[in-house]
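Data file: query23.txt. Format and content: compact mmCIF, N, CA and C atoms.
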```txt
# COMPACT_ATOMS: atom_id res chain seq x y z
N MET A 1 -32.21 64.93 16.63
CA MET A 1 -30.79 65.02 16.60
C MET A 1 -30.17 63.92 15.74
N ALA A 2 -30.78 62.79 15.75
CA ALA A 2 -30.26 61.69 14.95
C ALA A 2 -30.38 62.02 13.48
N LYS A 3 -31.43 62.76 13.11
CA LYS A 3 -31.62 63.10 11.71
C LYS A 3 -30.63 64.18 11.28
N GLU A 4 -30.24 65.02 12.16
CA GLU A 4 -29.33 66.10 11.81
C GLU A 4 -27.91 65.58 11.56
N SER A 5 -27.47 64.57 12.31
CA SER A 5 -26.10 64.09 12.17
C SER A 5 -25.97 63.04 11.05
N GLY A 6 -27.05 62.66 10.40
CA GLY A 6 -26.99 61.73 9.30
C GLY A 6 -27.13 60.28 9.72
N HIS A 7 -27.45 60.00 10.97
CA HIS A 7 -27.63 58.63 11.44
C HIS A 7 -29.02 58.14 11.11
N LYS A 8 -29.16 56.84 10.91
CA LYS A 8 -30.44 56.23 10.60
C LYS A 8 -31.15 55.87 11.89
N PRO A 9 -32.48 55.83 11.86
CA PRO A 9 -33.21 55.44 13.07
C PRO A 9 -32.97 53.98 13.42
N LYS A 10 -33.25 53.61 14.67
CA LYS A 10 -32.99 52.26 15.18
C LYS A 10 -33.76 51.20 14.39
N THR A 11 -34.97 51.44 14.06
CA THR A 11 -35.77 50.42 13.35
C THR A 11 -35.19 50.13 11.97
N GLN A 12 -34.73 51.16 11.31
CA GLN A 12 -34.15 50.97 9.99
C GLN A 12 -32.82 50.21 10.11
N LEU A 13 -32.02 50.51 11.14
CA LEU A 13 -30.77 49.79 11.36
C LEU A 13 -31.03 48.32 11.67
N LYS A 14 -32.06 48.06 12.49
CA LYS A 14 -32.39 46.68 12.83
C LYS A 14 -32.82 45.90 11.59
N THR A 15 -33.59 46.50 10.70
CA THR A 15 -34.01 45.80 9.49
C THR A 15 -32.82 45.55 8.56
N GLU A 16 -31.89 46.48 8.47
CA GLU A 16 -30.70 46.28 7.65
C GLU A 16 -29.81 45.18 8.21
N ILE A 17 -29.69 45.15 9.53
CA ILE A 17 -28.88 44.10 10.18
C ILE A 17 -29.51 42.74 9.94
N ALA A 18 -30.82 42.65 10.09
CA ALA A 18 -31.52 41.37 9.86
C ALA A 18 -31.37 40.93 8.40
N ARG A 19 -31.51 41.86 7.47
CA ARG A 19 -31.37 41.54 6.05
C ARG A 19 -29.94 41.08 5.74
N SER A 20 -28.95 41.74 6.30
CA SER A 20 -27.55 41.36 6.05
C SER A 20 -27.24 39.99 6.68
N ARG A 21 -27.83 39.70 7.85
CA ARG A 21 -27.65 38.37 8.46
C ARG A 21 -28.23 37.29 7.56
N ASP A 22 -29.42 37.53 7.03
CA ASP A 22 -30.04 36.57 6.14
C ASP A 22 -29.19 36.35 4.89
N GLU A 23 -28.65 37.42 4.36
CA GLU A 23 -27.81 37.33 3.17
C GLU A 23 -26.54 36.56 3.45
N VAL A 24 -25.92 36.83 4.61
CA VAL A 24 -24.69 36.13 4.99
C VAL A 24 -24.98 34.65 5.21
N SER A 25 -26.08 34.32 5.88
CA SER A 25 -26.40 32.91 6.11
C SER A 25 -26.70 32.19 4.80
N LEU A 26 -27.37 32.88 3.85
CA LEU A 26 -27.64 32.30 2.55
C LEU A 26 -26.34 32.01 1.81
N ARG A 27 -25.42 32.95 1.82
CA ARG A 27 -24.12 32.74 1.16
C ARG A 27 -23.32 31.63 1.82
N LEU A 28 -23.39 31.57 3.15
CA LEU A 28 -22.69 30.52 3.88
C LEU A 28 -23.24 29.15 3.51
N ASN A 29 -24.55 29.03 3.39
CA ASN A 29 -25.16 27.76 2.98
C ASN A 29 -24.72 27.37 1.57
N ARG A 30 -24.63 28.34 0.67
CA ARG A 30 -24.17 28.06 -0.69
C ARG A 30 -22.72 27.56 -0.69
N VAL A 31 -21.89 28.18 0.13
CA VAL A 31 -20.48 27.76 0.22
C VAL A 31 -20.40 26.35 0.78
N ARG A 32 -21.21 26.05 1.79
CA ARG A 32 -21.21 24.69 2.36
C ARG A 32 -21.63 23.66 1.32
N GLU A 33 -22.63 23.99 0.51
CA GLU A 33 -23.07 23.07 -0.54
C GLU A 33 -21.98 22.87 -1.59
N GLU A 34 -21.25 23.91 -1.91
CA GLU A 34 -20.17 23.80 -2.90
C GLU A 34 -19.02 22.96 -2.37
N ILE A 35 -18.77 23.01 -1.08
CA ILE A 35 -17.65 22.29 -0.48
C ILE A 35 -17.99 20.82 -0.25
N ASP A 36 -19.25 20.47 -0.12
CA ASP A 36 -19.68 19.11 0.21
C ASP A 36 -19.47 18.18 -0.98
N LEU A 37 -18.25 17.67 -1.13
CA LEU A 37 -17.88 16.84 -2.26
C LEU A 37 -18.59 15.48 -2.26
N PRO A 38 -18.69 14.78 -1.13
CA PRO A 38 -19.39 13.49 -1.15
C PRO A 38 -20.85 13.62 -1.62
N LYS A 39 -21.51 14.68 -1.21
CA LYS A 39 -22.88 14.89 -1.63
C LYS A 39 -22.96 15.13 -3.13
N LYS A 40 -22.01 15.91 -3.67
CA LYS A 40 -21.96 16.16 -5.10
C LYS A 40 -21.74 14.86 -5.88
N ILE A 41 -20.85 14.02 -5.38
CA ILE A 41 -20.56 12.76 -6.05
C ILE A 41 -21.80 11.86 -6.04
N ARG A 42 -22.47 11.77 -4.89
CA ARG A 42 -23.70 10.95 -4.82
C ARG A 42 -24.73 11.43 -5.83
N ARG A 43 -24.92 12.74 -5.90
CA ARG A 43 -25.89 13.29 -6.86
C ARG A 43 -25.50 12.95 -8.29
N SER A 44 -24.21 13.07 -8.58
CA SER A 44 -23.74 12.78 -9.93
C SER A 44 -23.93 11.31 -10.28
N VAL A 45 -23.67 10.43 -9.33
CA VAL A 45 -23.85 8.99 -9.58
C VAL A 45 -25.32 8.68 -9.80
N ARG A 46 -26.20 9.32 -9.05
CA ARG A 46 -27.64 9.09 -9.23
C ARG A 46 -28.12 9.59 -10.59
N ARG A 47 -27.61 10.75 -11.02
CA ARG A 47 -28.06 11.33 -12.28
C ARG A 47 -27.51 10.56 -13.47
N GLU A 48 -26.22 10.21 -13.45
CA GLU A 48 -25.58 9.55 -14.58
C GLU A 48 -24.74 8.36 -14.09
N PRO A 49 -25.36 7.21 -13.83
CA PRO A 49 -24.61 6.07 -13.29
C PRO A 49 -23.71 5.37 -14.32
N VAL A 50 -24.06 5.41 -15.60
CA VAL A 50 -23.31 4.68 -16.61
C VAL A 50 -21.84 5.13 -16.70
N PRO A 51 -21.55 6.42 -16.79
CA PRO A 51 -20.12 6.81 -16.84
C PRO A 51 -19.36 6.41 -15.57
N TRP A 52 -20.02 6.46 -14.44
CA TRP A 52 -19.36 6.06 -13.19
C TRP A 52 -19.05 4.57 -13.20
N ILE A 53 -19.98 3.76 -13.69
CA ILE A 53 -19.75 2.30 -13.75
C ILE A 53 -18.62 1.99 -14.73
N ILE A 54 -18.63 2.63 -15.89
CA ILE A 54 -17.57 2.40 -16.87
C ILE A 54 -16.22 2.84 -16.30
N GLY A 55 -16.20 3.95 -15.61
CA GLY A 55 -14.95 4.43 -15.00
C GLY A 55 -14.44 3.46 -13.94
N ALA A 56 -15.34 2.93 -13.12
CA ALA A 56 -14.94 1.99 -12.07
C ALA A 56 -14.38 0.71 -12.68
N VAL A 57 -15.02 0.22 -13.75
CA VAL A 57 -14.52 -0.99 -14.42
C VAL A 57 -13.15 -0.73 -15.03
N ALA A 58 -12.98 0.43 -15.65
CA ALA A 58 -11.69 0.76 -16.26
C ALA A 58 -10.58 0.84 -15.21
N VAL A 59 -10.86 1.49 -14.09
CA VAL A 59 -9.85 1.58 -13.02
C VAL A 59 -9.53 0.18 -12.48
N GLY A 60 -10.54 -0.66 -12.31
CA GLY A 60 -10.31 -2.03 -11.85
C GLY A 60 -9.45 -2.83 -12.81
N LEU A 61 -9.72 -2.69 -14.10
CA LEU A 61 -8.91 -3.40 -15.09
C LEU A 61 -7.47 -2.91 -15.11
N ILE A 62 -7.28 -1.61 -14.98
CA ILE A 62 -5.92 -1.07 -14.96
C ILE A 62 -5.15 -1.58 -13.75
N ILE A 63 -5.79 -1.55 -12.60
CA ILE A 63 -5.11 -2.02 -11.38
C ILE A 63 -4.81 -3.51 -11.48
N THR A 64 -5.77 -4.29 -11.97
CA THR A 64 -5.56 -5.73 -12.12
C THR A 64 -4.43 -6.00 -13.11
N GLY A 65 -4.40 -5.26 -14.20
CA GLY A 65 -3.34 -5.44 -15.18
C GLY A 65 -1.97 -5.11 -14.63
N MET A 66 -1.91 -4.09 -13.80
CA MET A 66 -0.61 -3.70 -13.22
C MET A 66 -0.14 -4.72 -12.19
N LEU A 67 -1.06 -5.30 -11.43
CA LEU A 67 -0.67 -6.23 -10.37
C LEU A 67 -0.33 -7.61 -10.91
N THR A 68 -0.96 -8.02 -12.01
CA THR A 68 -0.73 -9.38 -12.52
C THR A 68 0.24 -9.41 -13.68
N ARG A 69 0.86 -8.30 -14.00
CA ARG A 69 1.80 -8.24 -15.11
C ARG A 69 3.05 -9.04 -14.79
N LYS A 70 3.48 -9.85 -15.74
CA LYS A 70 4.69 -10.65 -15.55
C LYS A 70 5.84 -10.00 -16.30
N LYS A 71 7.00 -10.09 -15.72
CA LYS A 71 8.19 -9.53 -16.37
C LYS A 71 8.67 -10.50 -17.45
N LYS A 72 9.05 -9.95 -18.57
CA LYS A 72 9.58 -10.77 -19.64
C LYS A 72 11.10 -10.80 -19.53
N ILE A 73 11.64 -12.00 -19.58
CA ILE A 73 13.09 -12.18 -19.53
C ILE A 73 13.53 -12.63 -20.90
N VAL A 74 14.40 -11.86 -21.51
CA VAL A 74 14.88 -12.16 -22.85
C VAL A 74 16.27 -12.78 -22.73
N VAL A 75 16.43 -13.97 -23.33
CA VAL A 75 17.70 -14.67 -23.31
C VAL A 75 18.24 -14.67 -24.72
N ASP A 76 19.45 -14.18 -24.89
CA ASP A 76 20.07 -14.15 -26.20
C ASP A 76 20.74 -15.49 -26.46
N VAL A 77 20.15 -16.30 -27.33
CA VAL A 77 20.68 -17.61 -27.65
C VAL A 77 21.30 -17.64 -29.04
N SER A 78 21.45 -16.50 -29.65
CA SER A 78 21.99 -16.47 -31.01
C SER A 78 23.47 -16.87 -31.04
N LYS A 79 24.24 -16.55 -29.99
CA LYS A 79 25.65 -16.91 -29.93
C LYS A 79 25.82 -18.09 -28.99
N PRO A 80 26.41 -19.15 -29.47
CA PRO A 80 26.67 -20.26 -28.55
C PRO A 80 27.74 -19.84 -27.55
N GLY A 81 27.36 -19.80 -26.28
CA GLY A 81 28.26 -19.26 -25.27
C GLY A 81 29.18 -20.32 -24.70
N THR A 82 30.45 -20.13 -24.89
CA THR A 82 31.43 -21.02 -24.28
C THR A 82 31.58 -20.69 -22.81
N LYS A 83 31.30 -19.43 -22.45
CA LYS A 83 31.41 -19.03 -21.05
C LYS A 83 30.34 -19.74 -20.22
N THR A 84 29.14 -19.88 -20.79
CA THR A 84 28.06 -20.53 -20.06
C THR A 84 28.39 -21.99 -19.80
N LYS A 85 28.91 -22.66 -20.80
CA LYS A 85 29.26 -24.07 -20.63
C LYS A 85 30.41 -24.22 -19.64
N SER A 86 31.39 -23.35 -19.72
CA SER A 86 32.53 -23.47 -18.80
C SER A 86 32.10 -23.13 -17.37
N ALA A 87 31.16 -22.18 -17.21
CA ALA A 87 30.68 -21.86 -15.87
C ALA A 87 29.92 -23.04 -15.28
N LEU A 88 29.14 -23.72 -16.11
CA LEU A 88 28.43 -24.91 -15.63
C LEU A 88 29.42 -26.02 -15.26
N LEU A 89 30.43 -26.17 -16.05
CA LEU A 89 31.44 -27.17 -15.76
C LEU A 89 32.15 -26.88 -14.45
N GLU A 90 32.53 -25.62 -14.25
CA GLU A 90 33.22 -25.23 -13.02
C GLU A 90 32.31 -25.45 -11.80
N THR A 91 31.06 -25.09 -11.92
CA THR A 91 30.13 -25.26 -10.81
C THR A 91 29.96 -26.73 -10.48
N GLY A 92 29.80 -27.56 -11.50
CA GLY A 92 29.67 -29.00 -11.27
C GLY A 92 30.91 -29.58 -10.61
N PHE A 93 32.07 -29.15 -11.07
CA PHE A 93 33.32 -29.64 -10.48
C PHE A 93 33.43 -29.24 -9.01
N LEU A 94 33.10 -27.98 -8.71
CA LEU A 94 33.19 -27.51 -7.32
C LEU A 94 32.22 -28.26 -6.41
N LEU A 95 31.00 -28.49 -6.89
CA LEU A 95 30.03 -29.22 -6.07
C LEU A 95 30.49 -30.65 -5.82
N GLY A 96 31.05 -31.28 -6.83
CA GLY A 96 31.57 -32.64 -6.65
C GLY A 96 32.72 -32.66 -5.66
N ALA A 97 33.61 -31.67 -5.75
CA ALA A 97 34.74 -31.61 -4.82
C ALA A 97 34.27 -31.39 -3.39
N PHE A 98 33.28 -30.53 -3.21
CA PHE A 98 32.74 -30.31 -1.86
C PHE A 98 32.10 -31.58 -1.30
N ARG A 99 31.44 -32.32 -2.13
CA ARG A 99 30.79 -33.55 -1.66
C ARG A 99 31.83 -34.58 -1.22
N ILE A 100 32.88 -34.73 -2.00
CA ILE A 100 33.94 -35.67 -1.64
C ILE A 100 34.63 -35.22 -0.36
N ALA A 101 34.92 -33.91 -0.26
CA ALA A 101 35.59 -33.39 0.93
C ALA A 101 34.71 -33.58 2.17
N ALA A 102 33.41 -33.37 2.03
CA ALA A 102 32.52 -33.53 3.17
C ALA A 102 32.46 -34.97 3.63
N SER A 103 32.43 -35.92 2.68
CA SER A 103 32.37 -37.33 3.07
C SER A 103 33.68 -37.78 3.71
N LEU A 104 34.81 -37.21 3.28
CA LEU A 104 36.09 -37.57 3.88
C LEU A 104 36.29 -36.93 5.25
N LEU A 105 35.80 -35.71 5.43
CA LEU A 105 36.02 -34.99 6.68
C LEU A 105 34.98 -35.31 7.76
N LYS A 106 33.88 -35.96 7.40
CA LYS A 106 32.83 -36.23 8.38
C LYS A 106 33.32 -37.06 9.57
N PRO A 107 34.05 -38.17 9.37
CA PRO A 107 34.53 -38.93 10.54
C PRO A 107 35.49 -38.12 11.41
N VAL A 108 36.32 -37.31 10.80
CA VAL A 108 37.29 -36.51 11.56
C VAL A 108 36.55 -35.50 12.44
N VAL A 109 35.56 -34.84 11.87
CA VAL A 109 34.79 -33.84 12.61
C VAL A 109 34.00 -34.51 13.73
N MET A 110 33.40 -35.65 13.46
CA MET A 110 32.61 -36.35 14.49
C MET A 110 33.50 -36.79 15.65
N ASN A 111 34.71 -37.30 15.38
CA ASN A 111 35.63 -37.69 16.45
C ASN A 111 36.04 -36.49 17.28
N ALA A 112 36.30 -35.35 16.64
CA ALA A 112 36.70 -34.15 17.37
C ALA A 112 35.56 -33.67 18.27
N VAL A 113 34.34 -33.75 17.79
CA VAL A 113 33.19 -33.33 18.59
C VAL A 113 32.99 -34.28 19.76
N GLN A 114 33.16 -35.58 19.54
CA GLN A 114 32.99 -36.54 20.64
C GLN A 114 34.06 -36.37 21.71
N LYS A 115 35.28 -36.06 21.30
CA LYS A 115 36.34 -35.82 22.29
C LYS A 115 36.07 -34.58 23.10
N LYS A 116 35.56 -33.54 22.42
CA LYS A 116 35.32 -32.26 23.08
C LYS A 116 34.12 -32.34 24.03
N PHE A 117 33.02 -32.94 23.56
CA PHE A 117 31.78 -32.98 24.35
C PHE A 117 31.38 -34.41 24.68
N GLY A 118 32.29 -35.29 24.84
CA GLY A 118 32.01 -36.71 25.02
C GLY A 118 31.03 -37.03 26.12
N GLY A 119 31.23 -36.53 27.31
CA GLY A 119 30.36 -36.86 28.43
C GLY A 119 29.12 -36.00 28.50
N HIS A 120 29.04 -34.96 27.69
CA HIS A 120 27.95 -34.00 27.78
C HIS A 120 26.86 -34.21 26.75
N LEU A 121 27.04 -35.16 25.84
CA LEU A 121 26.03 -35.37 24.81
C LEU A 121 24.81 -36.05 25.40
N PRO A 122 23.61 -35.62 25.09
CA PRO A 122 22.41 -36.28 25.61
C PRO A 122 22.23 -37.64 24.95
N ARG A 123 21.78 -38.59 25.73
CA ARG A 123 21.56 -39.93 25.21
C ARG A 123 20.07 -40.14 24.98
N GLU A 124 19.76 -40.99 24.02
CA GLU A 124 18.36 -41.26 23.71
C GLU A 124 17.73 -42.10 24.83
N ARG A 125 16.49 -41.80 25.13
CA ARG A 125 15.77 -42.57 26.14
C ARG A 125 14.96 -43.64 25.44
N SER A 126 14.90 -44.79 26.05
CA SER A 126 14.14 -45.87 25.45
C SER A 126 12.73 -45.95 26.03
N GLY A 127 12.48 -45.21 27.10
CA GLY A 127 11.18 -45.24 27.76
C GLY A 127 10.17 -44.33 27.03
N PRO A 128 8.96 -44.29 27.58
CA PRO A 128 7.93 -43.44 26.96
C PRO A 128 8.29 -41.96 27.09
N LYS A 129 7.86 -41.21 26.12
CA LYS A 129 8.17 -39.78 26.12
C LYS A 129 7.37 -39.07 27.22
N GLY A 130 7.95 -38.02 27.76
CA GLY A 130 7.25 -37.26 28.78
C GLY A 130 7.66 -37.64 30.19
N PHE A 131 8.40 -38.76 30.36
CA PHE A 131 8.84 -39.16 31.69
C PHE A 131 10.32 -39.05 31.83
```
Do you think you could lay out the structure here as structure tokens?
Amino acid sequence: MAKESGHKPKTQLKTEIARSRDEVSLRLNRVREEIDLPKKIRRSVRREPVPWIIGAVAVGLIITGMLTRKKKIVVDVSKPGTKTKSALLETGFLLGAFRIAASLLKPVVMNAVQKKFGGHLPRERSGPKGF
């Protein structure tokens, strides 16, 4: 009856299934080998180490060059700048004025602080530290 309906016998089906399993496992192994990038790189380095070494040195030099690069600052000194001199003069004048004001206001500020916190200021100890 199996022969009349066009079906294959069990033994023939089992051999076809086994053959297709072997074929699928073989293809799966090939796909795994193609995907294994670290293994491919190791093989390539073993076969041809010189290009890999040259590439590593080049990448190292590029990275080192990028990290140690200094910025160039260009100063235009062709025109004598009156603004630069006047800015320096103004800055010097302001610093001098602040210094004079600070020396004049120091006693006033110290007296105000002593009046405000007179009894609360800590006094220096003459004894050994820690006691």
Could you work out how far atom CA of A:Ala56 lies from atom C of A:Thr68, giving the answer in Å with one decimal?
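So the two atoms, atom C of A:Thr68 and atom CA of A:Ala56, lie 19.1 Å apart.
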Would you work out the distance separating atom C of A:Ser103 from atom CA of A:Lys115, expressed in Å to one decimal?
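Result for atom C of A:Ser103 versus atom CA of A:Lys115: 18.9 Å, one decimal.
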Point-to-point distance from atom CA of A:Met110 to atom CA of A:Phe98, Å rounded to tenths:
17.4 Å
Would you list, as a VMD selection string, the residues of stretch 41-126 of chain A that end up in helix (DSSP H, G or I) under DSSP run on this structure's backbone?
chain A and resid 41 to 47 49 to 67 82 to 120
